[in-house]
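Structure data follow from input.pdb (PDB, C-alpha atoms):
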MODEL        1
ATOM      1  CA  MET A1165     -30.650 -35.917 -44.837  1.00  0.00           C
ATOM      2  CA  ARG A1166     -33.313 -33.871 -46.464  1.00  0.00           C
ATOM      3  CA  ARG A1167     -35.877 -36.113 -48.052  1.00  0.00           C
ATOM      4  CA  LEU A1168     -37.166 -35.278 -51.465  1.00  0.00           C
ATOM      5  CA  HIS A1169     -40.796 -36.019 -51.919  1.00  0.00           C
ATOM      6  CA  ARG A1170     -40.594 -36.742 -55.571  1.00  0.00           C
ATOM      7  CA  ASP A1171     -38.286 -36.780 -58.519  1.00  0.00           C
ATOM      8  CA  LEU A1172     -40.035 -36.331 -61.798  1.00  0.00           C
ATOM      9  CA  TYR A1173     -38.509 -36.811 -65.156  1.00  0.00           C
ATOM     10  CA  LEU A1174     -40.070 -36.471 -68.533  1.00  0.00           C
ATOM     11  CA  PRO A1175     -39.088 -38.816 -71.298  1.00  0.00           C
ATOM     12  CA  THR A1176     -40.598 -38.768 -74.756  1.00  0.00           C
ATOM     13  CA  ASN A1177     -40.973 -42.471 -75.130  1.00  0.00           C
ATOM     14  CA  LYS A1178     -42.376 -42.391 -78.619  1.00  0.00           C
ATOM     15  CA  SER A1179     -38.800 -42.034 -79.740  1.00  0.00           C
ATOM     16  CA  ALA A1180     -38.339 -45.663 -78.816  1.00  0.00           C
ATOM     17  CA  GLU A1181     -35.944 -46.100 -81.695  1.00  0.00           C
ATOM     18  CA  ARG A1182     -38.169 -48.498 -83.620  1.00  0.00           C
ATOM     19  CA  CYS A1183     -40.708 -45.808 -84.500  1.00  0.00           C
ATOM     20  CA  ALA A1184     -38.568 -42.695 -84.550  1.00  0.00           C
ATOM     21  CA  PRO A1185     -39.534 -40.334 -87.370  1.00  0.00           C
ATOM     22  CA  PRO A1186     -37.013 -39.239 -90.005  1.00  0.00           C
ATOM     23  CA  GLY A1187     -34.379 -36.874 -88.661  1.00  0.00           C
ATOM     24  CA  TRP A1188     -35.174 -37.765 -85.053  1.00  0.00           C
ATOM     25  CA  ASN A1189     -31.593 -37.844 -83.847  1.00  0.00           C
ATOM     26  CA  ALA A1190     -30.947 -34.334 -85.161  1.00  0.00           C
ATOM     27  CA  ILE A1191     -33.813 -32.795 -83.167  1.00  0.00           C
ATOM     28  CA  ARG A1192     -32.575 -31.137 -80.009  1.00  0.00           C
ATOM     29  CA  GLY A1193     -34.292 -32.470 -76.919  1.00  0.00           C
ATOM     30  CA  ALA A1194     -35.801 -35.407 -78.734  1.00  0.00           C
ATOM     31  CA  LYS A1195     -33.461 -38.375 -78.815  1.00  0.00           C
ATOM     32  CA  GLY A1196     -32.373 -40.416 -75.858  1.00  0.00           C
ATOM     33  CA  CYS A1197     -35.487 -41.638 -74.115  1.00  0.00           C
ATOM     34  CA  ILE A1198     -34.166 -45.158 -73.696  1.00  0.00           C
ATOM     35  CA  PRO A1199     -30.691 -44.139 -72.410  1.00  0.00           C
ATOM     36  CA  GLN A1200     -32.322 -41.663 -70.028  1.00  0.00           C
ATOM     37  CA  SER A1201     -34.865 -44.182 -68.751  1.00  0.00           C
ATOM     38  CA  CYS A1202     -32.257 -46.894 -68.382  1.00  0.00           C
ATOM     39  CA  GLY A1203     -29.960 -44.477 -66.567  1.00  0.00           C
ATOM     40  CA  PHE A1204     -32.638 -43.849 -63.963  1.00  0.00           C
ATOM     41  CA  ARG A1205     -33.320 -47.592 -63.811  1.00  0.00           C
ATOM     42  CA  ASP A1206     -29.660 -48.408 -63.230  1.00  0.00           C
ATOM     43  CA  ARG A1207     -29.203 -45.686 -60.600  1.00  0.00           C
ATOM     44  CA  PHE A1208     -32.545 -46.252 -58.894  1.00  0.00           C
ATOM     45  CA  ALA A1209     -31.030 -47.530 -55.629  1.00  0.00           C
ATOM     46  CA  GLU A1210     -28.455 -44.730 -55.611  1.00  0.00           C
ATOM     47  CA  LEU A1211     -31.172 -42.143 -56.113  1.00  0.00           C
ATOM     48  CA  ARG A1212     -33.208 -43.623 -53.268  1.00  0.00           C
ATOM     49  CA  SER A1213     -30.142 -43.469 -51.054  1.00  0.00           C
ATOM     50  CA  ALA A1214     -29.682 -39.847 -52.073  1.00  0.00           C
ATOM     51  CA  GLY A1215     -33.127 -38.985 -50.759  1.00  0.00           C
ATOM     52  CA  VAL A1216     -35.555 -39.665 -53.561  1.00  0.00           C
ATOM     53  CA  THR A1217     -38.770 -41.072 -52.142  1.00  0.00           C
ATOM     54  CA  ALA A1218     -40.644 -41.341 -55.422  1.00  0.00           C
ATOM     55  CA  LEU A1219     -39.558 -41.318 -59.022  1.00  0.00           C
ATOM     56  CA  PHE A1220     -41.685 -41.481 -62.108  1.00  0.00           C
ATOM     57  CA  GLY A1221     -41.629 -40.599 -65.750  1.00  0.00           C
ATOM     58  CA  VAL A1222     -44.148 -38.635 -67.741  1.00  0.00           C
ATOM     59  CA  SER A1223     -44.765 -38.692 -71.464  1.00  0.00           C
ATOM     60  CA  VAL A1224     -47.591 -37.920 -73.825  1.00  0.00           C
ATOM     61  CA  GLU A1225     -48.157 -41.533 -74.860  1.00  0.00           C
ATOM     62  CA  ASP A1226     -51.136 -43.463 -73.554  1.00  0.00           C
ATOM     63  CA  SER A1227     -50.752 -45.711 -70.523  1.00  0.00           C
ATOM     64  CA  ILE A1228     -51.062 -48.883 -72.624  1.00  0.00           C
ATOM     65  CA  TYR A1229     -47.988 -47.922 -74.620  1.00  0.00           C
ATOM     66  CA  GLN A1230     -46.187 -46.872 -71.449  1.00  0.00           C
ATOM     67  CA  LYS A1231     -46.909 -50.205 -69.782  1.00  0.00           C
ATOM     68  CA  GLU A1232     -45.147 -51.956 -72.650  1.00  0.00           C
ATOM     69  CA  VAL A1233     -42.159 -49.626 -72.230  1.00  0.00           C
ATOM     70  CA  VAL A1234     -41.952 -50.272 -68.477  1.00  0.00           C
ATOM     71  CA  GLU A1235     -41.989 -54.020 -69.067  1.00  0.00           C
ATOM     72  CA  ARG A1236     -39.586 -53.980 -72.006  1.00  0.00           C
ATOM     73  CA  LEU A1237     -37.016 -51.836 -70.210  1.00  0.00           C
ATOM     74  CA  SER A1238     -37.651 -53.381 -66.758  1.00  0.00           C
ATOM     75  CA  LEU A1239     -38.124 -49.957 -65.243  1.00  0.00           C
ATOM     76  CA  PRO A1240     -38.493 -50.007 -61.430  1.00  0.00           C
ATOM     77  CA  PHE A1241     -40.640 -46.871 -61.501  1.00  0.00           C
ATOM     78  CA  PRO A1242     -43.923 -46.037 -63.215  1.00  0.00           C
ATOM     79  CA  LEU A1243     -44.557 -43.876 -66.228  1.00  0.00           C
ATOM     80  CA  MET A1244     -47.568 -41.605 -66.283  1.00  0.00           C
ATOM     81  CA  SER A1245     -49.490 -40.389 -69.258  1.00  0.00           C
ATOM     82  CA  ASP A1246     -49.952 -36.727 -70.049  1.00  0.00           C
ATOM     83  CA  GLU A1247     -51.895 -37.642 -73.154  1.00  0.00           C
ATOM     84  CA  LYS A1248     -54.219 -34.671 -72.679  1.00  0.00           C
ATOM     85  CA  LEU A1249     -51.239 -32.322 -72.192  1.00  0.00           C
ATOM     86  CA  GLU A1250     -52.595 -31.076 -68.857  1.00  0.00           C
ATOM     87  CA  LEU A1251     -49.215 -31.028 -67.127  1.00  0.00           C
ATOM     88  CA  ARG A1252     -47.547 -29.700 -70.249  1.00  0.00           C
ATOM     89  CA  ASN A1253     -50.003 -26.816 -70.478  1.00  0.00           C
ATOM     90  CA  ALA A1254     -50.039 -26.075 -66.740  1.00  0.00           C
ATOM     91  CA  LEU A1255     -46.258 -25.683 -66.617  1.00  0.00           C
ATOM     92  CA  ASP A1256     -45.840 -24.536 -70.218  1.00  0.00           C
ATOM     93  CA  LEU A1257     -43.282 -27.271 -70.719  1.00  0.00           C
ATOM     94  CA  PRO A1258     -41.330 -27.078 -73.981  1.00  0.00           C
ATOM     95  CA  THR A1259     -42.427 -29.397 -76.732  1.00  0.00           C
ATOM     96  CA  LEU A1260     -41.281 -30.437 -80.158  1.00  0.00           C
ATOM     97  CA  GLU A1261     -43.285 -31.538 -83.153  1.00  0.00           C
ATOM     98  CA  THR A1262     -42.121 -34.202 -85.534  1.00  0.00           C
ATOM     99  CA  GLY A1263     -43.765 -36.847 -87.659  1.00  0.00           C
ATOM    100  CA  GLY A1264     -47.186 -35.498 -86.707  1.00  0.00           C
ATOM    101  CA  MET A1265     -46.446 -35.977 -83.000  1.00  0.00           C
ATOM    102  CA  LEU A1266     -46.254 -33.376 -80.249  1.00  0.00           C
ATOM    103  CA  LEU A1267     -43.710 -34.520 -77.680  1.00  0.00           C
ATOM    104  CA  LEU A1268     -42.203 -33.171 -74.489  1.00  0.00           C
ATOM    105  CA  HIS A1269     -38.610 -31.988 -74.502  1.00  0.00           C
ATOM    106  CA  ARG A1270     -36.292 -34.126 -72.455  1.00  0.00           C
ATOM    107  CA  THR A1271     -36.378 -32.623 -68.972  1.00  0.00           C
ATOM    108  CA  ALA A1272     -35.926 -33.677 -65.353  1.00  0.00           C
ATOM    109  CA  LEU A1273     -37.593 -31.959 -62.436  1.00  0.00           C
ATOM    110  CA  ILE A1274     -36.782 -32.398 -58.759  1.00  0.00           C
ATOM    111  CA  LEU A1275     -39.686 -31.702 -56.434  1.00  0.00           C
ATOM    112  CA  PHE A1276     -39.909 -31.288 -52.681  1.00  0.00           C
ATOM    113  CA  ARG A1277     -43.310 -31.053 -51.035  1.00  0.00           C
ATOM    114  CA  GLY A1278     -44.882 -30.260 -54.362  1.00  0.00           C
ATOM    115  CA  ILE A1279     -42.495 -27.421 -55.178  1.00  0.00           C
ATOM    116  CA  ILE A1280     -40.057 -27.633 -58.079  1.00  0.00           C
ATOM    117  CA  GLN A1281     -36.561 -27.427 -56.602  1.00  0.00           C
ATOM    118  CA  HIS A1282     -34.450 -27.866 -59.693  1.00  0.00           C
ATOM    119  CA  VAL A1283     -34.864 -28.235 -63.433  1.00  0.00           C
ATOM    120  CA  PHE A1284     -32.543 -30.152 -65.708  1.00  0.00           C
ATOM    121  CA  HIS A1285     -33.100 -28.725 -69.177  1.00  0.00           C
ATOM    122  CA  PRO A1286     -31.847 -29.106 -71.778  1.00  0.00           C
ATOM    123  CA  VAL A1287     -30.691 -32.652 -71.212  1.00  0.00           C
ATOM    124  CA  GLU A1288     -27.831 -32.844 -73.668  1.00  0.00           C
ATOM    125  CA  ASN A1289     -26.616 -36.267 -72.574  1.00  0.00           C
ATOM    126  CA  PRO A1290     -29.643 -38.411 -71.681  1.00  0.00           C
ATOM    127  CA  ALA A1291     -27.517 -41.376 -70.620  1.00  0.00           C
ATOM    128  CA  GLN A1292     -25.820 -39.204 -67.990  1.00  0.00           C
ATOM    129  CA  ASN A1293     -28.942 -37.466 -66.712  1.00  0.00           C
ATOM    130  CA  ALA A1294     -29.555 -39.819 -63.796  1.00  0.00           C
ATOM    131  CA  GLU A1295     -25.930 -39.447 -62.706  1.00  0.00           C
ATOM    132  CA  ASP A1296     -26.274 -35.663 -62.877  1.00  0.00           C
ATOM    133  CA  VAL A1297     -29.478 -35.813 -60.815  1.00  0.00           C
ATOM    134  CA  ALA A1298     -27.817 -38.023 -58.192  1.00  0.00           C
ATOM    135  CA  ALA A1299     -24.834 -35.673 -58.000  1.00  0.00           C
ATOM    136  CA  TRP A1300     -27.110 -32.657 -57.558  1.00  0.00           C
ATOM    137  CA  LEU A1301     -29.008 -34.434 -54.777  1.00  0.00           C
ATOM    138  CA  LEU A1302     -25.815 -35.327 -52.944  1.00  0.00           C
ATOM    139  CA  ARG A1303     -24.538 -31.743 -53.182  1.00  0.00           C
ATOM    140  CA  ARG A1304     -27.838 -30.342 -52.010  1.00  0.00           C
ATOM    141  CA  CYS A1305     -28.921 -32.922 -49.484  1.00  0.00           C
ATOM    142  CA  GLY A1306     -25.930 -35.079 -48.627  1.00  0.00           C
TER     143      GLY A1306
ATOM    144  CA  MET B 849     -36.072 -21.480 -75.144  1.00  0.00           C
ATOM    145  CA  ASN B 850     -32.543 -20.697 -73.982  1.00  0.00           C
ATOM    146  CA  GLU B 851     -30.448 -22.765 -71.629  1.00  0.00           C
ATOM    147  CA  CYS B 852     -31.637 -21.225 -68.368  1.00  0.00           C
ATOM    148  CA  ALA B 853     -35.108 -20.041 -69.251  1.00  0.00           C
ATOM    149  CA  LEU B 854     -37.020 -23.118 -68.204  1.00  0.00           C
ATOM    150  CA  SER B 855     -35.139 -23.418 -64.933  1.00  0.00           C
ATOM    151  CA  ASN B 856     -35.730 -19.755 -64.135  1.00  0.00           C
ATOM    152  CA  LEU B 857     -39.398 -20.076 -64.940  1.00  0.00           C
ATOM    153  CA  LEU B 858     -40.130 -23.259 -63.037  1.00  0.00           C
ATOM    154  CA  THR B 859     -37.859 -23.296 -59.998  1.00  0.00           C
ATOM    155  CA  ASN B 860     -39.949 -22.709 -56.849  1.00  0.00           C
ATOM    156  CA  THR B 861     -43.144 -23.284 -58.807  1.00  0.00           C
ATOM    157  CA  LYS B 862     -45.818 -25.421 -57.177  1.00  0.00           C
ATOM    158  CA  ILE B 863     -46.629 -28.541 -59.117  1.00  0.00           C
ATOM    159  CA  PRO B 864     -50.103 -28.120 -60.615  1.00  0.00           C
ATOM    160  CA  SER B 865     -53.088 -30.115 -59.438  1.00  0.00           C
ATOM    161  CA  VAL B 866     -53.421 -32.186 -62.569  1.00  0.00           C
ATOM    162  CA  THR B 867     -54.271 -35.861 -62.667  1.00  0.00           C
ATOM    163  CA  LEU B 868     -52.385 -38.280 -64.888  1.00  0.00           C
ATOM    164  CA  LEU B 869     -52.910 -41.961 -65.604  1.00  0.00           C
ATOM    165  CA  ASP B 870     -50.256 -44.424 -64.528  1.00  0.00           C
ATOM    166  CA  THR B 871     -49.316 -47.550 -66.452  1.00  0.00           C
ATOM    167  CA  GLY B 872     -52.087 -49.459 -64.728  1.00  0.00           C
ATOM    168  CA  GLY B 873     -54.664 -46.920 -65.840  1.00  0.00           C
ATOM    169  CA  HIS B 874     -55.051 -45.508 -62.324  1.00  0.00           C
ATOM    170  CA  ALA B 875     -55.471 -41.778 -61.797  1.00  0.00           C
ATOM    171  CA  VAL B 876     -52.606 -40.119 -59.903  1.00  0.00           C
ATOM    172  CA  ALA B 877     -52.874 -36.569 -58.581  1.00  0.00           C
ATOM    173  CA  LEU B 878     -49.450 -34.997 -58.917  1.00  0.00           C
ATOM    174  CA  ASP B 879     -49.904 -32.525 -56.070  1.00  0.00           C
ATOM    175  CA  LYS B 880     -50.854 -35.186 -53.514  1.00  0.00           C
TER     176      LYS B 880
ENDMDL
END

Translate this file's structure into structure tokens.
Amino acid sequence: MRRLHRDLYLPTNKSAERCAPPGWNAIRGAKGCIPQSCGFRDRFAELRSAGVTALFGVSVEDSIYQKEVVERLSLPFPLMSDEKLELRNALDLPTLETGGMLLLHRTALILFRGIIQHVFHPVENPAQNAEDVAAWLLRRCG
Amino acid sequence: MNECALSNLLTNTKIPSVTLLDTGGHAVALDK
């Protein structure tokens, strides 16, 4: 089986329902951070079996906020902070602005040896994203 | 951005050598 070096996905955790700005759910690419994160949490073992050797999330929040999210959702993978928008700017990742916040669009990237192999964007159904990623991996690598 | 634009732009792109902070405040180089 081909081993994937890394599976990167990009939630916008600030949407964590409790602090979502007005109209959040109507913004394309915004809603769904918790269902997406929990989907990857619940399919973590399946993704590892499908060849994922590392999985992490990226968002623009600071690492203190992210640590709370990881603990609250019991995520088995780390989140990393792109607070300075370095990754966003380097890849020109799509963003959205709402409530005075600049956030990353919901996206999932599959990497192998540092090269982007596949991009899931837009992610229309965040809760199903992990399942879609696992299915892609099995088709490609299984 | 349309449905396929981001995929077309990024597929086969090398991940940039940027450093992010993990939840423990440790620096992680994405291209390592």

Report as a ChimeraX atom specification the full result of the PyMOL selection byres ((chain B and resi 876) around 12) when it is applied to this structure.
/A:1220,1222,1242-1246 /B:865-875,877-880

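Any residue of chain A with an atom no more than 8 Å from chain B counts as a contact; using only C-alpha atoms, that gives Ser1227, Ile1228, Gln1230, Lys1231, Pro1242, Leu1243, Met1244, Ser1245, Asp1246, Glu1250, Leu1251, Ala1254, Leu1255, Leu1257, Pro1258, Gly1278, Ile1279, Ile1280, Gln1281, His1282, Val1283, Phe1284, His1285 and Pro1286 of chain A.
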
How many Å lie between CA of Leu1301 (chain A) and CA of Asp1256 (chain A), rounded to one decimal?
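Computed distance, CA of Leu1301 (chain A) to CA of Asp1256 (chain A), equals 24.9 Å.
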
Residues within 9 Å of Glu1295 (chain A), please, as a ChimeraX atom specification. Count only C-alpha atoms; anything in the same chain fewer than 4 positions from it doesn't count.
/A:1203-1204,1207,1211,1291,1299-1300

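Here CA of Pro1199 (chain A) is placed at a distance of 17.8 Å from CA of Tyr1229 (chain A).
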
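The gap separating CA of Arg1205 (chain A) from CA of Leu1239 (chain A) is 5.5 Å, in Å to one decimal.
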
Just so the selection is clear, what residues does the PyMOL selection byres ((chain A and resi 1201) around 12) cover here, as number ranges by chain?
A: 1172-1177, 1179-1180, 1195-1200, 1202-1208, 1219-1223, 1230, 1233-1234, 1236-1243, 1270-1272, 1290-1295

Keeping C-alpha atoms, export the residues of the selection given above as an mmCIF file, keeping the file's coordinate frame.
data_model
loop_
_atom_site.group_PDB
_atom_site.id
_atom_site.type_symbol
_atom_site.label_atom_id
_atom_site.label_comp_id
_atom_site.auth_asym_id
_atom_site.auth_seq_id
_atom_site.Cartn_x
_atom_site.Cartn_y
_atom_site.Cartn_z
ATOM 1 C CA LEU A 1172 -40.035 -36.331 -61.798
ATOM 2 C CA TYR A 1173 -38.509 -36.811 -65.156
ATOM 3 C CA LEU A 1174 -40.070 -36.471 -68.533
ATOM 4 C CA PRO A 1175 -39.088 -38.816 -71.298
ATOM 5 C CA THR A 1176 -40.598 -38.768 -74.756
ATOM 6 C CA ASN A 1177 -40.973 -42.471 -75.130
ATOM 7 C CA SER A 1179 -38.800 -42.034 -79.740
ATOM 8 C CA ALA A 1180 -38.339 -45.663 -78.816
ATOM 9 C CA LYS A 1195 -33.461 -38.375 -78.815
ATOM 10 C CA GLY A 1196 -32.373 -40.416 -75.858
ATOM 11 C CA CYS A 1197 -35.487 -41.638 -74.115
ATOM 12 C CA ILE A 1198 -34.166 -45.158 -73.696
ATOM 13 C CA PRO A 1199 -30.691 -44.139 -72.410
ATOM 14 C CA GLN A 1200 -32.322 -41.663 -70.028
ATOM 15 C CA CYS A 1202 -32.257 -46.894 -68.382
ATOM 16 C CA GLY A 1203 -29.960 -44.477 -66.567
ATOM 17 C CA PHE A 1204 -32.638 -43.849 -63.963
ATOM 18 C CA ARG A 1205 -33.320 -47.592 -63.811
ATOM 19 C CA ASP A 1206 -29.660 -48.408 -63.230
ATOM 20 C CA ARG A 1207 -29.203 -45.686 -60.600
ATOM 21 C CA PHE A 1208 -32.545 -46.252 -58.894
ATOM 22 C CA LEU A 1219 -39.558 -41.318 -59.022
ATOM 23 C CA PHE A 1220 -41.685 -41.481 -62.108
ATOM 24 C CA GLY A 1221 -41.629 -40.599 -65.750
ATOM 25 C CA VAL A 1222 -44.148 -38.635 -67.741
ATOM 26 C CA SER A 1223 -44.765 -38.692 -71.464
ATOM 27 C CA GLN A 1230 -46.187 -46.872 -71.449
ATOM 28 C CA VAL A 1233 -42.159 -49.626 -72.230
ATOM 29 C CA VAL A 1234 -41.952 -50.272 -68.477
ATOM 30 C CA ARG A 1236 -39.586 -53.980 -72.006
ATOM 31 C CA LEU A 1237 -37.016 -51.836 -70.210
ATOM 32 C CA SER A 1238 -37.651 -53.381 -66.758
ATOM 33 C CA LEU A 1239 -38.124 -49.957 -65.243
ATOM 34 C CA PRO A 1240 -38.493 -50.007 -61.430
ATOM 35 C CA PHE A 1241 -40.640 -46.871 -61.501
ATOM 36 C CA PRO A 1242 -43.923 -46.037 -63.215
ATOM 37 C CA LEU A 1243 -44.557 -43.876 -66.228
ATOM 38 C CA ARG A 1270 -36.292 -34.126 -72.455
ATOM 39 C CA THR A 1271 -36.378 -32.623 -68.972
ATOM 40 C CA ALA A 1272 -35.926 -33.677 -65.353
ATOM 41 C CA PRO A 1290 -29.643 -38.411 -71.681
ATOM 42 C CA ALA A 1291 -27.517 -41.376 -70.620
ATOM 43 C CA GLN A 1292 -25.820 -39.204 -67.990
ATOM 44 C CA ASN A 1293 -28.942 -37.466 -66.712
ATOM 45 C CA ALA A 1294 -29.555 -39.819 -63.796
ATOM 46 C CA GLU A 1295 -25.930 -39.447 -62.706
#

Taking into account only C-alpha atoms, which residue in the set A:Phe1276, A:Asn1289, A:Ile1191, A:Leu1260 is nearest to Gly1215 (chain A)?
A:Phe1276

Let me have the centre and edge lengths in Å, one decimal, of the box along x, y and z around every listed atom of region 1295-1303 of chain A with 4 Å of margin on each side, as JSON.
{"center_x": -27.0, "center_y": -35.6, "center_z": -57.9, "size_x": 12.9, "size_y": 15.7, "size_z": 17.9}

Step by step: locate chain B in the block above, keep C-alpha atoms, then write the file as a PDB file, in the first residue's frame.
ATOM      1  CA  MET B 849     -13.379  30.469  -7.003  1.00  0.00           C
ATOM      2  CA  ASN B 850     -15.181  27.801  -9.017  1.00  0.00           C
ATOM      3  CA  GLU B 851     -15.536  24.161  -8.104  1.00  0.00           C
ATOM      4  CA  CYS B 852     -12.329  22.901  -9.701  1.00  0.00           C
ATOM      5  CA  ALA B 853     -10.117  25.954  -9.593  1.00  0.00           C
ATOM      6  CA  LEU B 854      -8.433  25.295  -6.284  1.00  0.00           C
ATOM      7  CA  SER B 855      -7.790  21.657  -7.108  1.00  0.00           C
ATOM      8  CA  ASN B 856      -6.320  22.573 -10.486  1.00  0.00           C
ATOM      9  CA  LEU B 857      -4.120  25.201  -8.920  1.00  0.00           C
ATOM     10  CA  LEU B 858      -2.789  23.182  -6.014  1.00  0.00           C
ATOM     11  CA  THR B 859      -2.553  19.576  -7.169  1.00  0.00           C
ATOM     12  CA  ASN B 860       1.128  18.617  -7.574  1.00  0.00           C
ATOM     13  CA  THR B 861       2.197  21.753  -5.733  1.00  0.00           C
ATOM     14  CA  LYS B 862       4.960  21.399  -3.161  1.00  0.00           C
ATOM     15  CA  ILE B 863       3.889  22.326   0.324  1.00  0.00           C
ATOM     16  CA  PRO B 864       5.601  25.598   1.246  1.00  0.00           C
ATOM     17  CA  SER B 865       8.329  25.810   3.853  1.00  0.00           C
ATOM     18  CA  VAL B 866       6.278  27.686   6.398  1.00  0.00           C
ATOM     19  CA  THR B 867       6.343  27.078  10.122  1.00  0.00           C
ATOM     20  CA  LEU B 868       3.156  26.875  12.159  1.00  0.00           C
ATOM     21  CA  LEU B 869       2.579  26.538  15.886  1.00  0.00           C
ATOM     22  CA  ASP B 870       0.928  23.406  17.199  1.00  0.00           C
ATOM     23  CA  THR B 871      -1.454  23.303  20.146  1.00  0.00           C
ATOM     24  CA  GLY B 872       1.475  23.009  22.517  1.00  0.00           C
ATOM     25  CA  GLY B 873       3.057  26.147  21.114  1.00  0.00           C
ATOM     26  CA  HIS B 874       5.805  24.189  19.349  1.00  0.00           C
ATOM     27  CA  ALA B 875       6.980  25.230  15.900  1.00  0.00           C
ATOM     28  CA  VAL B 876       6.271  22.680  13.154  1.00  0.00           C
ATOM     29  CA  ALA B 877       7.818  22.980   9.699  1.00  0.00           C
ATOM     30  CA  LEU B 878       5.242  21.749   7.217  1.00  0.00           C
ATOM     31  CA  ASP B 879       7.759  20.669   4.586  1.00  0.00           C
ATOM     32  CA  LYS B 880       9.746  18.454   6.965  1.00  0.00           C
TER      33      LYS B 880
END
